[in-house]
file structure09.cif (mmCIF, C-alpha atoms)
data_protein
loop_
_atom_site.group_PDB
_atom_site.id
_atom_site.type_symbol
_atom_site.label_atom_id
_atom_site.label_comp_id
_atom_site.auth_asym_id
_atom_site.auth_seq_id
_atom_site.Cartn_x
_atom_site.Cartn_y
_atom_site.Cartn_z
ATOM 1 C CA MET A 1 0.000 0.000 0.000
ATOM 2 C CA ASP A 2 1.238 3.492 -0.849
ATOM 3 C CA GLN A 3 1.865 5.287 2.460
ATOM 4 C CA ARG A 4 1.379 8.630 0.753
ATOM 5 C CA ASN A 5 -2.377 7.993 0.384
ATOM 6 C CA ASN A 6 -2.737 8.343 4.158
ATOM 7 C CA VAL A 7 -2.453 12.143 3.813
ATOM 8 C CA THR A 8 -4.616 13.874 1.198
ATOM 9 C CA GLU A 9 -4.661 17.367 2.700
ATOM 10 C CA PHE A 10 -2.641 19.579 5.024
ATOM 11 C CA ILE A 11 -3.681 21.956 7.803
ATOM 12 C CA LEU A 12 -1.906 25.324 7.612
ATOM 13 C CA LEU A 13 -1.519 26.863 11.085
ATOM 14 C CA GLY A 14 -0.839 30.278 9.557
ATOM 15 C CA LEU A 15 0.825 33.245 11.208
ATOM 16 C CA THR A 16 -1.173 33.272 14.450
ATOM 17 C CA GLN A 17 -3.852 31.265 16.258
ATOM 18 C CA ASN A 18 -5.333 34.387 17.873
ATOM 19 C CA VAL A 19 -8.737 35.193 16.288
ATOM 20 C CA GLN A 20 -8.406 38.949 16.843
ATOM 21 C CA GLY A 21 -4.879 38.882 15.468
ATOM 22 C CA GLN A 22 -6.109 37.026 12.380
ATOM 23 C CA LYS A 23 -8.686 39.747 11.673
ATOM 24 C CA ILE A 24 -6.073 42.491 12.023
ATOM 25 C CA LEU A 25 -3.652 40.619 9.756
ATOM 26 C CA PHE A 26 -6.425 40.094 7.197
ATOM 27 C CA VAL A 27 -7.021 43.858 6.911
ATOM 28 C CA VAL A 28 -3.273 44.628 6.774
ATOM 29 C CA PHE A 29 -2.458 41.987 4.145
ATOM 30 C CA LEU A 30 -5.546 42.827 2.068
ATOM 31 C CA LEU A 31 -4.419 46.474 1.860
ATOM 32 C CA ILE A 32 -0.859 45.371 1.014
ATOM 33 C CA TYR A 33 -2.164 43.037 -1.705
ATOM 34 C CA ILE A 34 -4.310 45.792 -3.251
ATOM 35 C CA VAL A 35 -1.349 48.214 -3.247
ATOM 36 C CA THR A 36 0.884 45.471 -4.733
ATOM 37 C CA MET A 37 -1.502 44.671 -7.569
ATOM 38 C CA VAL A 38 -2.322 48.306 -8.390
ATOM 39 C CA GLY A 39 1.340 49.410 -8.212
ATOM 40 C CA ASN A 40 2.678 46.607 -10.368
ATOM 41 C CA LEU A 41 -0.146 46.718 -12.922
ATOM 42 C CA VAL A 42 0.290 50.503 -13.251
ATOM 43 C CA ILE A 43 3.963 49.931 -14.121
ATOM 44 C CA VAL A 44 3.089 47.163 -16.622
ATOM 45 C CA ILE A 45 0.475 49.379 -18.339
ATOM 46 C CA THR A 46 2.761 52.455 -18.286
ATOM 47 C CA VAL A 47 5.651 50.554 -19.884
ATOM 48 C CA ALA A 48 3.322 48.950 -22.449
ATOM 49 C CA ILE A 49 1.656 52.146 -23.725
ATOM 50 C CA SER A 50 4.255 54.866 -23.132
ATOM 51 C CA PRO A 51 6.429 55.571 -26.231
ATOM 52 C CA SER A 52 9.137 57.191 -24.092
ATOM 53 C CA LEU A 53 9.755 53.968 -22.157
ATOM 54 C CA ASP A 54 10.945 51.800 -25.044
ATOM 55 C CA ALA A 55 14.442 51.190 -23.620
ATOM 56 C CA PRO A 56 15.402 47.610 -22.635
ATOM 57 C CA MET A 57 15.524 48.660 -18.965
ATOM 58 C CA TYR A 58 11.781 49.386 -18.976
ATOM 59 C CA PHE A 59 11.046 46.243 -21.002
ATOM 60 C CA PHE A 60 12.565 44.197 -18.166
ATOM 61 C CA LEU A 61 11.005 46.397 -15.482
ATOM 62 C CA GLY A 62 7.554 45.773 -16.970
ATOM 63 C CA TYR A 63 8.079 42.010 -16.803
ATOM 64 C CA LEU A 64 9.499 42.264 -13.267
ATOM 65 C CA SER A 65 6.282 43.999 -12.190
ATOM 66 C CA PHE A 66 4.235 41.309 -13.949
ATOM 67 C CA LEU A 67 6.187 38.579 -12.114
ATOM 68 C CA ASP A 68 5.713 40.406 -8.797
ATOM 69 C CA ALA A 69 1.942 40.603 -9.348
ATOM 70 C CA VAL A 70 1.664 36.880 -10.169
ATOM 71 C CA TYR A 71 4.117 35.865 -7.429
ATOM 72 C CA SER A 72 2.109 37.769 -4.818
ATOM 73 C CA THR A 73 -1.127 36.203 -6.115
ATOM 74 C CA THR A 74 0.365 32.727 -5.622
ATOM 75 C CA VAL A 75 0.559 33.254 -1.859
ATOM 76 C CA THR A 76 -1.525 36.181 -0.570
ATOM 77 C CA PRO A 77 -5.128 35.316 -1.617
ATOM 78 C CA ASN A 78 -4.871 31.830 -0.087
ATOM 79 C CA MET A 79 -3.380 33.327 3.086
ATOM 80 C CA LEU A 80 -6.227 35.871 3.262
ATOM 81 C CA MET A 81 -8.861 33.126 2.947
ATOM 82 C CA ASN A 82 -7.196 31.087 5.699
ATOM 83 C CA LEU A 83 -7.131 34.105 8.028
ATOM 84 C CA LEU A 84 -10.953 34.277 7.837
ATOM 85 C CA SER A 85 -11.867 30.596 7.623
ATOM 86 C CA GLU A 86 -12.053 28.126 10.521
ATOM 87 C CA LYS A 87 -10.918 25.176 8.383
ATOM 88 C CA LYS A 88 -7.444 26.150 7.171
ATOM 89 C CA THR A 89 -6.784 23.178 4.914
ATOM 90 C CA ILE A 90 -5.116 22.756 1.548
ATOM 91 C CA SER A 91 -5.209 19.580 -0.537
ATOM 92 C CA LEU A 92 -1.992 17.720 -1.315
ATOM 93 C CA GLN A 93 -2.399 18.541 -5.013
ATOM 94 C CA ALA A 94 -3.043 22.252 -4.316
ATOM 95 C CA CYS A 95 -0.071 22.313 -1.926
ATOM 96 C CA LEU A 96 2.281 20.919 -4.575
ATOM 97 C CA THR A 97 0.826 23.295 -7.186
ATOM 98 C CA GLN A 98 1.426 26.266 -4.880
ATOM 99 C CA LEU A 99 4.992 25.074 -4.242
ATOM 100 C CA PHE A 100 5.638 24.763 -7.987
ATOM 101 C CA ILE A 101 4.166 28.164 -8.967
ATOM 102 C CA GLU A 102 5.838 29.943 -6.052
ATOM 103 C CA HIS A 103 9.287 28.683 -7.077
ATOM 104 C CA LEU A 104 8.548 29.111 -10.794
ATOM 105 C CA PHE A 105 7.972 32.862 -10.487
ATOM 106 C CA GLY A 106 10.439 33.308 -7.615
ATOM 107 C CA GLY A 107 13.182 31.617 -9.661
ATOM 108 C CA ALA A 108 12.270 33.614 -12.779
ATOM 109 C CA GLU A 109 12.416 36.848 -10.751
ATOM 110 C CA ILE A 110 15.878 36.026 -9.385
ATOM 111 C CA LEU A 111 17.203 35.450 -12.909
ATOM 112 C CA LEU A 112 15.425 38.550 -14.229
ATOM 113 C CA LEU A 113 17.217 40.644 -11.587
ATOM 114 C CA VAL A 114 20.493 39.201 -12.955
ATOM 115 C CA VAL A 115 19.433 40.165 -16.482
ATOM 116 C CA MET A 116 18.560 43.689 -15.300
ATOM 117 C CA ALA A 117 21.986 44.015 -13.672
ATOM 118 C CA TYR A 118 23.611 42.990 -16.967
ATOM 119 C CA ASP A 119 21.460 45.562 -18.796
ATOM 120 C CA ARG A 120 22.648 48.317 -16.438
ATOM 121 C CA TYR A 121 26.274 47.167 -16.844
ATOM 122 C CA VAL A 122 26.054 47.453 -20.653
ATOM 123 C CA ALA A 123 24.200 50.802 -20.469
ATOM 124 C CA ILE A 124 26.750 52.416 -18.146
ATOM 125 C CA CYS A 125 30.023 50.703 -19.075
ATOM 126 C CA LYS A 126 29.438 50.406 -22.859
ATOM 127 C CA PRO A 127 27.009 53.229 -23.674
ATOM 128 C CA LEU A 128 28.033 53.601 -27.340
ATOM 129 C CA HIS A 129 27.245 49.939 -28.069
ATOM 130 C CA TYR A 130 24.239 49.670 -25.738
ATOM 131 C CA MET A 131 21.437 49.523 -28.335
ATOM 132 C CA THR A 132 23.501 47.182 -30.537
ATOM 133 C CA ILE A 133 24.207 44.740 -27.713
ATOM 134 C CA MET A 134 20.774 44.981 -26.066
ATOM 135 C CA ASN A 135 18.702 44.722 -29.243
ATOM 136 C CA GLN A 136 15.153 43.376 -29.227
ATOM 137 C CA ARG A 137 16.183 39.788 -30.031
ATOM 138 C CA VAL A 138 18.700 39.715 -27.168
ATOM 139 C CA CYS A 139 16.130 41.160 -24.734
ATOM 140 C CA VAL A 140 13.580 38.478 -25.655
ATOM 141 C CA LEU A 141 16.212 35.725 -25.345
ATOM 142 C CA LEU A 142 17.282 37.011 -21.906
ATOM 143 C CA LEU A 143 13.652 37.115 -20.777
ATOM 144 C CA LEU A 144 13.195 33.568 -22.092
ATOM 145 C CA PHE A 145 16.329 32.529 -20.178
ATOM 146 C CA ALA A 146 14.787 33.858 -16.941
ATOM 147 C CA CYS A 147 11.470 32.061 -17.557
ATOM 148 C CA VAL A 148 13.072 28.721 -18.522
ATOM 149 C CA GLY A 149 15.467 28.942 -15.575
ATOM 150 C CA GLY A 150 12.542 29.553 -13.211
ATOM 151 C CA PHE A 151 10.681 26.581 -14.715
ATOM 152 C CA VAL A 152 13.654 24.220 -14.271
ATOM 153 C CA HIS A 153 14.136 25.478 -10.702
ATOM 154 C CA ALA A 154 10.459 24.794 -9.883
ATOM 155 C CA VAL A 155 10.425 21.355 -11.545
ATOM 156 C CA VAL A 156 13.431 20.291 -9.441
ATOM 157 C CA HIS A 157 11.539 21.280 -6.267
ATOM 158 C CA LEU A 158 8.436 19.422 -7.383
ATOM 159 C CA LEU A 159 10.427 16.262 -8.162
ATOM 160 C CA PHE A 160 11.994 16.404 -4.683
ATOM 161 C CA VAL A 161 8.625 16.168 -2.886
ATOM 162 C CA TYR A 162 6.250 14.566 -5.419
ATOM 163 C CA ASN A 163 6.961 10.957 -4.419
ATOM 164 C CA LEU A 164 7.579 11.572 -0.708
ATOM 165 C CA PRO A 165 5.286 9.526 1.581
ATOM 166 C CA PHE A 166 3.235 11.651 4.008
ATOM 167 C CA CYS A 167 1.759 9.201 6.493
ATOM 168 C CA GLY A 168 1.947 10.920 9.897
ATOM 169 C CA THR A 169 0.797 14.355 11.000
ATOM 170 C CA ASN A 170 -0.602 16.679 8.320
ATOM 171 C CA VAL A 171 -0.177 19.947 10.253
ATOM 172 C CA ILE A 172 2.117 22.531 8.610
ATOM 173 C CA ASP A 173 3.267 25.274 10.995
ATOM 174 C CA HIS A 174 3.311 27.855 8.218
ATOM 175 C CA PHE A 175 0.941 29.874 6.024
ATOM 176 C CA VAL A 176 2.293 28.517 2.730
ATOM 177 C CA CYS A 177 3.489 25.183 1.333
ATOM 178 C CA ASP A 178 7.269 25.286 1.148
ATOM 179 C CA MET A 179 10.123 22.797 1.037
ATOM 180 C CA TYR A 180 11.317 22.632 4.650
ATOM 181 C CA PRO A 181 7.833 22.343 6.249
ATOM 182 C CA LEU A 182 6.947 19.557 3.781
ATOM 183 C CA LEU A 183 10.232 17.704 4.323
ATOM 184 C CA LYS A 184 9.567 17.801 8.071
ATOM 185 C CA LEU A 185 6.273 15.905 7.580
ATOM 186 C CA ALA A 186 7.667 13.182 5.297
ATOM 187 C CA CYS A 187 7.852 9.625 6.664
ATOM 188 C CA VAL A 188 11.323 8.977 5.240
ATOM 189 C CA ASP A 189 14.801 10.347 5.829
ATOM 190 C CA THR A 190 14.970 13.623 3.860
ATOM 191 C CA TYR A 191 18.568 14.553 4.724
ATOM 192 C CA ILE A 192 19.826 14.216 1.131
ATOM 193 C CA ILE A 193 16.843 16.142 -0.247
ATOM 194 C CA GLY A 194 17.497 18.850 2.359
ATOM 195 C CA LEU A 195 21.084 19.182 1.115
ATOM 196 C CA SER A 196 19.761 19.381 -2.465
ATOM 197 C CA VAL A 197 17.448 22.248 -1.424
ATOM 198 C CA ILE A 198 20.403 24.064 0.121
ATOM 199 C CA ALA A 199 22.254 23.684 -3.194
ATOM 200 C CA ASN A 200 19.244 24.562 -5.385
ATOM 201 C CA ASP A 201 18.123 27.548 -3.317
ATOM 202 C CA GLY A 202 20.641 28.697 -0.746
ATOM 203 C CA ALA A 203 23.895 28.224 -2.661
ATOM 204 C CA ILE A 204 22.499 29.550 -5.951
ATOM 205 C CA CYS A 205 20.953 32.594 -4.214
ATOM 206 C CA THR A 206 24.198 33.310 -2.367
ATOM 207 C CA ILE A 207 26.390 32.995 -5.479
ATOM 208 C CA ILE A 208 24.043 35.137 -7.589
ATOM 209 C CA PHE A 209 23.778 37.740 -4.805
ATOM 210 C CA ILE A 210 27.586 38.011 -4.534
ATOM 211 C CA LEU A 211 27.940 38.237 -8.342
ATOM 212 C CA LEU A 212 25.272 40.966 -8.441
ATOM 213 C CA LEU A 213 27.054 42.972 -5.738
ATOM 214 C CA ILE A 214 30.359 42.615 -7.640
ATOM 215 C CA SER A 215 28.692 43.704 -10.902
ATOM 216 C CA TYR A 216 27.180 46.769 -9.226
ATOM 217 C CA GLY A 217 30.596 47.502 -7.698
ATOM 218 C CA VAL A 218 32.090 47.495 -11.219
ATOM 219 C CA ILE A 219 29.246 49.714 -12.456
ATOM 220 C CA LEU A 220 29.665 52.222 -9.610
ATOM 221 C CA HIS A 221 33.436 52.272 -10.164
ATOM 222 C CA SER A 222 32.912 53.182 -13.823
ATOM 223 C CA LEU A 223 30.662 56.153 -12.965
ATOM 224 C CA LYS A 224 33.708 58.439 -12.679
ATOM 225 C CA ASN A 225 33.818 58.472 -16.496
ATOM 226 C CA LEU A 226 30.308 59.979 -16.733
ATOM 227 C CA SER A 227 29.140 63.570 -16.483
ATOM 228 C CA GLN A 228 27.582 64.754 -13.230
ATOM 229 C CA GLU A 229 24.063 64.444 -14.691
ATOM 230 C CA GLY A 230 24.796 60.972 -16.094
ATOM 231 C CA ARG A 231 26.353 59.945 -12.792
ATOM 232 C CA HIS A 232 23.282 61.084 -10.847
ATOM 233 C CA LYS A 233 20.907 59.235 -13.209
ATOM 234 C CA ALA A 234 22.993 56.036 -13.100
ATOM 235 C CA LEU A 235 23.251 56.175 -9.303
ATOM 236 C CA SER A 236 19.478 56.574 -9.030
ATOM 237 C CA THR A 237 18.801 53.585 -11.290
ATOM 238 C CA CYS A 238 21.455 51.360 -9.704
ATOM 239 C CA GLY A 239 20.303 52.377 -6.229
ATOM 240 C CA SER A 240 16.812 51.096 -7.050
ATOM 241 C CA HIS A 241 18.176 47.815 -8.403
ATOM 242 C CA ILE A 242 20.492 47.235 -5.426
ATOM 243 C CA THR A 243 17.649 47.927 -2.958
ATOM 244 C CA VAL A 244 15.353 45.411 -4.683
ATOM 245 C CA VAL A 245 18.153 42.823 -4.887
ATOM 246 C CA VAL A 246 18.931 43.133 -1.149
ATOM 247 C CA PHE A 247 15.239 42.945 -0.140
ATOM 248 C CA PHE A 248 14.709 39.799 -2.222
ATOM 249 C CA PHE A 249 17.958 37.899 -1.754
ATOM 250 C CA VAL A 250 18.869 38.410 1.916
ATOM 251 C CA PRO A 251 15.732 36.708 3.351
ATOM 252 C CA CYS A 252 16.037 33.884 0.765
ATOM 253 C CA ILE A 253 19.680 33.281 1.682
ATOM 254 C CA PHE A 254 18.854 33.178 5.399
ATOM 255 C CA MET A 255 15.938 30.798 4.734
ATOM 256 C CA TYR A 256 17.749 28.274 2.548
ATOM 257 C CA MET A 257 21.481 28.611 3.193
ATOM 258 C CA ARG A 258 21.287 26.494 6.339
ATOM 259 C CA PRO A 259 20.435 22.919 7.409
ATOM 260 C CA PRO A 260 16.788 21.987 6.659
ATOM 261 C CA TYR A 261 15.148 22.850 9.948
ATOM 262 C CA ILE A 262 12.419 25.357 10.747
ATOM 263 C CA LEU A 263 12.916 28.522 12.825
ATOM 264 C CA PRO A 264 10.208 30.801 14.301
ATOM 265 C CA ILE A 265 11.513 33.714 12.186
ATOM 266 C CA ASP A 266 10.894 31.777 8.936
ATOM 267 C CA LYS A 267 7.267 32.911 8.737
ATOM 268 C CA PHE A 268 8.267 36.588 8.976
ATOM 269 C CA LEU A 269 11.000 36.174 6.356
ATOM 270 C CA THR A 270 8.570 34.400 4.009
ATOM 271 C CA VAL A 271 6.037 37.212 4.525
ATOM 272 C CA PHE A 272 8.782 39.712 3.700
ATOM 273 C CA TYR A 273 9.819 38.291 0.327
ATOM 274 C CA THR A 274 6.390 36.988 -0.769
ATOM 275 C CA VAL A 275 4.182 39.861 0.446
ATOM 276 C CA PHE A 276 6.199 42.997 1.228
ATOM 277 C CA THR A 277 8.891 42.861 -1.498
ATOM 278 C CA PRO A 278 6.391 42.649 -4.431
ATOM 279 C CA MET A 279 4.685 45.733 -2.958
ATOM 280 C CA LEU A 280 7.933 47.661 -2.420
ATOM 281 C CA ASN A 281 9.380 47.016 -5.895
ATOM 282 C CA PRO A 282 7.016 49.355 -7.819
ATOM 283 C CA LEU A 283 7.371 52.041 -5.128
ATOM 284 C CA ILE A 284 11.184 51.834 -5.233
ATOM 285 C CA TYR A 285 11.376 51.967 -9.027
ATOM 286 C CA THR A 286 8.798 54.728 -9.551
ATOM 287 C CA LEU A 287 9.902 57.017 -6.723
ATOM 288 C CA ARG A 288 13.541 56.919 -7.845
ATOM 289 C CA ASN A 289 12.951 57.058 -11.603
ATOM 290 C CA ALA A 290 12.172 60.454 -13.129
ATOM 291 C CA GLU A 291 11.332 59.064 -16.600
ATOM 292 C CA MET A 292 8.798 56.633 -15.118
ATOM 293 C CA LYS A 293 7.129 59.408 -13.090
ATOM 294 C CA ILE A 294 6.942 61.687 -16.168
ATOM 295 C CA ALA A 295 5.444 58.883 -18.273
ATOM 296 C CA MET A 296 2.839 58.110 -15.591
ATOM 297 C CA LYS A 297 1.944 61.788 -15.304
ATOM 298 C CA LYS A 298 1.462 62.049 -19.083
ATOM 299 C CA ILE A 299 -0.802 58.993 -19.156
ATOM 300 C CA TRP A 300 -2.797 60.253 -16.163
ATOM 301 C CA THR A 301 -3.144 63.720 -17.747
ATOM 302 C CA ARG A 302 -4.248 62.164 -21.045
ATOM 303 C CA GLN A 303 -6.899 60.054 -19.301
ATOM 304 C CA ARG A 304 -8.366 63.072 -17.481
ATOM 305 C CA LYS A 305 -8.835 65.093 -20.673
#
call {"tool": "encode", "arguments": {"input": "structure09.cif", "output": "structure tokens"}}
result
Amino acid sequence: MDQRNNVTEFILLGLTQNVQGQKILFVVFLLIYIVTMVGNLVIVITVAISPSLDAPMYFFLGYLSFLDAVYSTTVTPNMLMNLLSEKKTISLQACLTQLFIEHLFGGAEILLLVVMAYDRYVAICKPLHYMTIMNQRVCVLLLLFACVGGFVHAVVHLLFVYNLPFCGTNVIDHFVCDMYPLLKLACVDTYIIGLSVIANDGAICTIIFILLLISYGVILHSLKNLSQEGRHKALSTCGSHITVVVFFFVPCIFMYMRPPYILPIDKFLTVFYTVFTPMLNPLIYTLRNAEMKIAMKKIWTRQRK
């Protein structure tokens, strides 16, 4: 008999067991989700219809906002429903689907941030060849690279847990289905799988984060060759990118670059990079980008006429 059939659904304990606390969190996270969706969709629409934002940087920014909107939707709506409902259950199939989609778009976003760093490197360090190097075909191929990389990353996670037997407790002390909570519930030794998760998530995140910091160091070093206006514009753009990279990578590194056990802080860190970061990204990019603000103002003015 297949032991796995003993568990067909999981109980998600969520962020708190306090009923009053759940109601407060519902209101807070609902507002955050609305701001996230509106902010990211405004950027997507602005980039899509504004003729002045046809540079590769905005092409990638538009897709980053799209990924943020979908990534947030993978986690937040289900969390909101669980905060209001008494029966906080998720089927095994839905749990695995959530795990796959979460890592699909999370992995794609990580690689897209790498692509955006490369775009900034070419724009600042090789400005005369920028449009030749970053032509439309290259931009599409780099976007495809991010999407395929995210897909492979998610498939690996799914293969890790798909055939695991869950035959004991079905209570997940989390608000989302993720690798470490699921490995904890498996009825077999998951030590090797845990090491694979560290390699697939923690090590890759750490290496990419270090490479991104080095690349931005090279970019900032090359700013001395620019005019004061060019230097200010480049610093503003790179500052936005570095902020987003730190917000996304640091919690992920802390979560996965360690042995596969669960800490109380894990829930907060997961909330940070699945709920708060997708909301902060559009604010960071729009508030620090003059061209984006001008384009939004033009569209808003046009709509009011």
call {"tool": "resolve_selection", "arguments": {"input": "structure09.cif", "expression": "the PyMOL selection byres ((chain A and resi 146) around 10)", "output": "VMD selection string"}}
result
chain A and resid 104 to 105 107 to 115 140 to 145 147 to 151
call {"tool": "resolve_selection", "arguments": {"input": "structure09.cif", "expression": "the PyMOL selection byres ((chain A and resi 176) around 12)", "output": "ChimeraX atom specification"}}
result
/A:10-15,72,74-80,82,88-90,94-102,171-175,177-182,266-268,270-271,274-275
call {"tool": "closest_residue", "arguments": {"input": "structure09.cif", "among": "A:Val156, A:Met57, A:Cys187, A:Ile214", "to": "Thr169 (chain A)", "atoms": "all atoms listed in the file"}}
result
A:Cys187
call {"tool": "atom_distance", "arguments": {"input": "structure09.cif", "atom1": "CA of Thr8 (chain A)", "atom2": "CA of Cys167 (chain A)"}}
result
9.5 Å
call {"tool": "closest_residue", "arguments": {"input": "structure09.cif", "among": "A:Ala48, A:Leu185, A:Ile207, A:Leu263", "to": "Gly168 (chain A)", "atoms": "only C-alpha atoms"}}
result
A:Leu185
call {"tool": "resolve_selection", "arguments": {"input": "structure09.cif", "expression": "the PyMOL selection byres ((chain A and resi 64) around 9)", "output": "PyMOL selection string"}}
result
chain A and resi 40+44+59-63+65-69+109+112-113+281
